[in-house]
file my_file.cif (mmCIF, C-alpha atoms and all ligand atoms)
data_coords
#
loop_
_atom_site.label_atom_id
_atom_site.label_comp_id
_atom_site.auth_asym_id
_atom_site.auth_seq_id
_atom_site.Cartn_x
_atom_site.Cartn_y
_atom_site.Cartn_z
CA MET K 1 212.73 147.75 -104.91
CA THR K 2 216.08 147.89 -103.16
CA PRO K 3 218.03 151.06 -103.88
CA ASP K 4 221.57 150.28 -104.93
CA PHE K 5 223.60 152.40 -102.52
CA GLU K 6 226.89 151.79 -104.31
CA THR K 7 225.45 153.15 -107.55
CA GLN K 8 223.99 156.14 -105.68
CA LEU K 9 227.36 156.97 -104.12
CA ARG K 10 229.22 156.67 -107.40
CA ALA K 11 226.61 158.85 -109.14
CA VAL K 12 227.56 161.76 -106.85
CA SER K 13 231.30 160.99 -107.07
CA LEU K 14 231.59 159.69 -103.50
CA ARG K 15 233.81 156.75 -102.76
CA VAL K 16 231.97 153.61 -101.64
CA THR K 17 232.99 152.98 -98.02
CA ARG K 18 231.55 150.67 -95.40
CA PRO K 19 230.51 153.52 -93.05
CA ARG K 20 228.71 155.33 -95.89
CA LEU K 21 226.85 152.15 -96.85
CA ALA K 22 225.99 151.52 -93.19
CA VAL K 23 224.54 155.03 -92.75
CA LEU K 24 222.44 154.72 -95.92
CA ARG K 25 221.15 151.33 -94.76
CA ALA K 26 220.36 152.67 -91.30
CA LEU K 27 218.36 155.57 -92.73
CA ARG K 28 216.50 153.33 -95.16
CA ASP K 29 215.39 151.08 -92.29
CA HIS K 30 214.87 153.89 -89.75
CA PRO K 31 213.74 157.13 -91.40
CA HIS K 32 213.74 160.43 -89.44
CA VAL K 33 216.26 159.41 -86.77
CA ASP K 34 218.61 161.82 -85.02
CA THR K 35 222.41 161.74 -85.12
CA ASP K 36 222.78 159.70 -81.92
CA THR K 37 220.47 157.02 -83.27
CA VAL K 38 222.38 156.86 -86.56
CA ILE K 39 225.62 156.44 -84.59
CA ALA K 40 224.10 153.65 -82.49
CA LEU K 41 222.75 151.84 -85.57
CA VAL K 42 226.04 152.09 -87.47
CA ARG K 43 228.14 151.04 -84.48
CA ALA K 44 225.90 148.06 -83.79
CA GLU K 45 227.03 146.84 -87.20
CA GLN K 46 230.57 148.27 -87.27
CA PRO K 47 231.82 148.92 -83.71
CA THR K 48 235.11 150.40 -84.91
CA VAL K 49 233.47 153.38 -86.63
CA SER K 50 233.97 156.56 -84.57
CA HIS K 51 231.28 159.11 -83.75
CA GLN K 52 233.21 161.68 -85.76
CA ALA K 53 233.25 159.38 -88.78
CA VAL K 54 229.46 159.09 -88.65
CA TYR K 55 229.12 162.90 -88.38
CA ASP K 56 231.40 163.25 -91.40
CA VAL K 57 229.45 160.68 -93.40
CA LEU K 58 226.13 162.39 -92.59
CA ARG K 59 227.53 165.73 -93.71
CA ALA K 60 228.99 164.33 -96.94
CA LEU K 61 225.77 162.48 -97.82
CA THR K 62 223.63 165.53 -97.02
CA ASP K 63 225.87 167.81 -99.10
CA ALA K 64 225.68 165.32 -101.97
CA GLY K 65 221.87 165.23 -101.79
CA LEU K 66 221.61 161.52 -100.92
CA VAL K 67 220.37 162.33 -97.43
CA ARG K 68 217.94 165.00 -96.33
CA ARG K 69 218.29 166.79 -93.02
CA ILE K 70 215.08 167.99 -91.43
CA GLN K 71 214.76 169.99 -88.26
CA PRO K 72 211.24 170.80 -87.03
CA ALA K 73 211.16 173.81 -84.69
CA GLY K 74 212.29 172.82 -81.19
CA ALA K 75 213.49 169.36 -82.26
CA THR K 76 216.93 167.92 -82.89
CA ALA K 77 218.00 167.42 -86.50
CA ARG K 78 216.73 164.21 -88.10
CA TYR K 79 217.94 162.48 -91.23
CA GLU K 80 216.27 160.47 -93.95
CA SER K 81 217.36 158.92 -97.22
CA ARG K 82 214.08 159.58 -99.00
CA VAL K 83 215.05 162.55 -101.14
CA GLY K 84 213.93 164.23 -104.33
CA ASP K 85 210.16 163.79 -104.03
CA ASN K 86 209.42 167.01 -102.10
CA HIS K 87 207.44 165.13 -99.45
CA HIS K 88 206.44 166.88 -96.25
CA HIS K 89 206.23 165.87 -92.61
CA VAL K 90 203.63 165.69 -89.92
CA VAL K 91 205.03 166.14 -86.41
CA CYS K 92 203.42 165.25 -83.07
CA ARG K 93 203.56 168.11 -80.57
CA SER K 94 203.48 165.69 -77.62
CA CYS K 95 206.10 163.03 -78.41
CA GLY K 96 207.90 164.43 -81.46
CA ALA K 97 206.97 161.50 -83.72
CA ILE K 98 207.47 162.31 -87.41
CA ALA K 99 205.72 160.75 -90.38
CA ASP K 100 205.93 161.36 -94.12
CA VAL K 101 203.12 163.12 -95.96
CA GLU K 102 203.05 163.02 -99.73
CA CYS K 103 203.20 166.41 -101.38
CA ALA K 104 200.02 166.98 -103.35
CA VAL K 105 202.04 168.67 -106.09
CA GLY K 106 205.27 166.64 -105.87
CA HIS K 107 207.76 169.28 -106.90
CA ALA K 108 209.17 172.34 -105.17
CA PRO K 109 207.95 174.91 -104.42
CA CYS K 110 204.52 173.34 -104.14
CA LEU K 111 202.95 176.50 -102.73
CA THR K 112 202.84 179.73 -104.65
CA ALA K 113 203.53 182.75 -102.50
CA SER K 114 200.73 185.32 -102.58
CA ASP K 115 203.52 187.84 -103.14
CA ASP K 116 207.05 186.57 -103.76
CA ARG K 117 208.52 190.07 -103.26
CA GLY K 118 210.58 189.56 -106.38
CA PHE K 119 212.41 186.52 -104.95
CA VAL K 120 212.87 183.41 -107.05
CA VAL K 121 211.27 180.88 -104.71
CA ASP K 122 212.63 177.32 -104.99
CA GLU K 123 211.26 175.73 -101.84
CA ALA K 124 208.25 175.88 -99.56
CA GLU K 125 208.85 174.17 -96.23
CA VAL K 126 205.63 172.55 -95.12
CA VAL K 127 205.30 171.00 -91.66
CA TYR K 128 201.98 169.79 -90.33
CA TRP K 129 201.80 169.92 -86.55
CA GLY K 130 199.35 167.91 -84.47
CA THR K 131 198.84 164.91 -82.22
CA CYS K 132 199.88 161.42 -83.32
CA PRO K 133 197.43 158.48 -82.99
CA ASP K 134 199.29 157.06 -79.96
CA CYS K 135 199.20 160.35 -78.05
CA ALA K 136 195.57 160.96 -79.04
CA THR K 137 194.60 157.50 -77.70
CA GLU K 138 196.51 158.11 -74.48
CA ARG K 139 194.65 161.37 -73.92
CA THR K 140 191.28 159.70 -74.47
CA VAL K 141 192.20 156.95 -72.00
CA GLN K 142 193.34 159.47 -69.38
CA ARG K 143 190.18 161.53 -69.83
CA SER K 144 187.86 158.55 -69.39
CA ALA K 145 189.90 157.28 -66.42
CA SER K 146 189.63 160.61 -64.61
CA SER K 147 185.90 160.92 -65.32
CA GLU K 148 185.36 157.42 -63.88
CA GLY K 149 187.36 158.38 -60.80
CA SER K 150 185.16 161.40 -60.13
CA ARG K 151 182.04 159.27 -60.18
ZN ZN H 1 202.76 161.57 -80.18
ZN ZN H 2 210.42 162.05 -94.53
ZN ZN H 3 203.75 170.14 -101.07
#

call {"tool": "encode", "arguments": {"input": "my_file.cif", "output": "C-alpha cells", "more": "lines below"}}
Ligand SMILES: [Zn+2]
Ligand SMILES: [Zn+2]
Ligand SMILES: [Zn+2]
result
Amino acid sequence: MTPDFETQLRAVSLRVTRPRLAVLRALRDHPHVDTDTVIALVRAEQPTVSHQAVYDVLRALTDAGLVRRIQPAGATARYESRVGDNHHHVVCRSCGAIADVECAVGHAPCLTASDDRGFVVDEAEVVYWGTCPDCATERTVQRSASSEGSR
C-alpha cells in the first residue's frame, strides 16, 4: 500500500515538486520527526534544497492537510503524514519518544465534553503521557544495579 504522493498533491491543488515529494517520503519513512530532522532527510537526498524551502513545504503541506503538525507540551513541533484518522499519541516523559495510538472512536471529537458550554466542539486533543519501554527497562536495570552495589 504505497500512497501516491503525486495524486495527493494534485488533489489539494498543489504543484508536484521534488522538495514536496521528498518531504512526504521523509515523513512516511520517519513519522513524528522535528523540522531539523526533516531538513536533514530531504537534504541527504537533494542537497540543493534550502532550509527555507523545507520550512515552506512543511507549511504548505500542513495547510493543505497532507501533513499533521503535533506539538506535545514542552516538546518541539513534530510532523507526520498520517492524517485523517484521528489517531492519538503516547509520549515518553523521559526521552520524548512518540508513538501512535489508535483512536477507539476514529473520528473527531472522540470525547464528549461533560459540558460543552455551548461551543461546537470539533476536536479533542488526546495525549497519553508515560514512560516508553526503553526508559522503563533502563530504570529497572539502574535500580537492580544500585541494590547490588549496596549489598
Ligand atoms: Zn523514553
Ligand atoms: Zn502519529
Ligand atoms: Zn480518540

call {"tool": "residues_near_ligand", "arguments": {"input": "my_file.cif", "ligand": "ligand ZN 3 (chain H)", "cutoff": "10 Å", "atoms": "only C-alpha atoms and all ligand atoms", "output": "ChimeraX atom specification"}}
result
/K:85-89,101-111,123-127

call {"tool": "residues_near_ligand", "arguments": {"input": "my_file.cif", "ligand": "ligand ZN 2 (chain H)", "cutoff": "12 Å", "atoms": "all atoms listed in the file", "output": "PyMOL selection string"}}
result
chain K and resi 27-28+30-33+67-72+78-91+97-103+126-127

call {"tool": "residues_near_ligand", "arguments": {"input": "my_file.cif", "ligand": "ligand ZN 1 (chain H)", "cutoff": "12 Å", "atoms": "all atoms listed in the file", "output": "list in words"}}
result
Val90, Val91, Cys92, Arg93, Ser94, Cys95, Gly96, Ala97, Ile98, Ala99, Trp129, Gly130, Thr131, Cys132, Pro133, Asp134, Cys135, Ala136, Thr137, Glu138 and Arg139 of chain K

call {"tool": "axis_aligned_box", "arguments": {"input": "my_file.cif", "around": "region 72-80 of chain K", "padding_each_side": "8 Å", "output": "JSON"}}
result
{"center_x": 214.6, "center_y": 167.1, "center_z": -87.6, "size_x": 22.8, "size_y": 29.3, "size_z": 28.8}

call {"tool": "residues_around", "arguments": {"input": "my_file.cif", "residues": "Ser13 (chain K)", "least_positions_apart": "6", "cutoff": "12 Å", "atoms": "only C-alpha atoms", "output": "number ranges by chain"}}
result
K: 6-7, 60-61, 63-66

call {"tool": "residues_near_point", "arguments": {"input": "my_file.cif", "point": "(227.8, 154.9, -86.2)", "cutoff": "7 Å", "atoms": "all atoms listed in the file", "output": "count of residues only"}}
result
10

call {"tool": "atom_distance", "arguments": {"input": "my_file.cif", "atom1": "CA of Ala53 (chain K)", "atom2": "CA of Arg20 (chain K)"}}
result
9.4 Å

call {"tool": "atom_distance", "arguments": {"input": "my_file.cif", "atom1": "CA of Asp34 (chain K)", "atom2": "CA of Ala22 (chain K)"}}
result
15.1 Å

call {"tool": "build_atoms", "arguments": {"input": "my_file.cif", "residues": "region 51-69 of chain K", "atoms": "N, CA and C atoms", "output": "tab-separated table (two decimals), in the coordinates of the input"}}
result
chain	number	residue	atom	x	y	z
K	51	HIS	N	232.38	158.14	-83.66
K	51	HIS	CA	231.28	159.11	-83.75
K	51	HIS	C	231.59	160.14	-84.83
K	52	GLN	N	232.83	160.64	-84.81
K	52	GLN	CA	233.21	161.68	-85.76
K	52	GLN	C	233.06	161.19	-87.20
K	53	ALA	N	233.38	159.93	-87.43
K	53	ALA	CA	233.25	159.38	-88.78
K	53	ALA	C	231.79	159.40	-89.23
K	54	VAL	N	230.89	159.09	-88.29
K	54	VAL	CA	229.46	159.09	-88.65
K	54	VAL	C	229.00	160.52	-88.94
K	55	TYR	N	229.44	161.49	-88.10
K	55	TYR	CA	229.12	162.90	-88.38
K	55	TYR	C	229.58	163.28	-89.78
K	56	ASP	N	230.83	162.89	-90.10
K	56	ASP	CA	231.40	163.25	-91.40
K	56	ASP	C	230.61	162.63	-92.55
K	57	VAL	N	230.21	161.37	-92.36
K	57	VAL	CA	229.45	160.68	-93.40
K	57	VAL	C	228.10	161.37	-93.59
K	58	LEU	N	227.43	161.72	-92.48
K	58	LEU	CA	226.13	162.39	-92.59
K	58	LEU	C	226.28	163.71	-93.35
K	59	ARG	N	227.34	164.44	-93.04
K	59	ARG	CA	227.53	165.73	-93.71
K	59	ARG	C	227.79	165.53	-95.20
K	60	ALA	N	228.65	164.57	-95.53
K	60	ALA	CA	228.99	164.33	-96.94
K	60	ALA	C	227.75	163.88	-97.72
K	61	LEU	N	226.95	162.99	-97.12
K	61	LEU	CA	225.77	162.48	-97.82
K	61	LEU	C	224.72	163.57	-97.97
K	62	THR	N	224.61	164.43	-96.94
K	62	THR	CA	223.63	165.53	-97.02
K	62	THR	C	224.06	166.53	-98.09
K	63	ASP	N	225.36	166.88	-98.09
K	63	ASP	CA	225.87	167.81	-99.10
K	63	ASP	C	225.67	167.26	-100.51
K	64	ALA	N	225.79	165.95	-100.66
K	64	ALA	CA	225.68	165.32	-101.97
K	64	ALA	C	224.22	165.12	-102.38
K	65	GLY	N	223.29	165.36	-101.45
K	65	GLY	CA	221.87	165.23	-101.79
K	65	GLY	C	221.33	163.82	-101.66
K	66	LEU	N	222.11	162.89	-101.10
K	66	LEU	CA	221.61	161.52	-100.92
K	66	LEU	C	220.82	161.39	-99.62
K	67	VAL	N	221.05	162.34	-98.71
K	67	VAL	CA	220.37	162.33	-97.43
K	67	VAL	C	219.78	163.72	-97.20
K	68	ARG	N	218.60	163.73	-96.62
K	68	ARG	CA	217.94	165.00	-96.33
K	68	ARG	C	217.93	165.21	-94.83
K	69	ARG	N	218.27	166.43	-94.43
K	69	ARG	CA	218.29	166.79	-93.02
K	69	ARG	C	217.05	167.61	-92.76
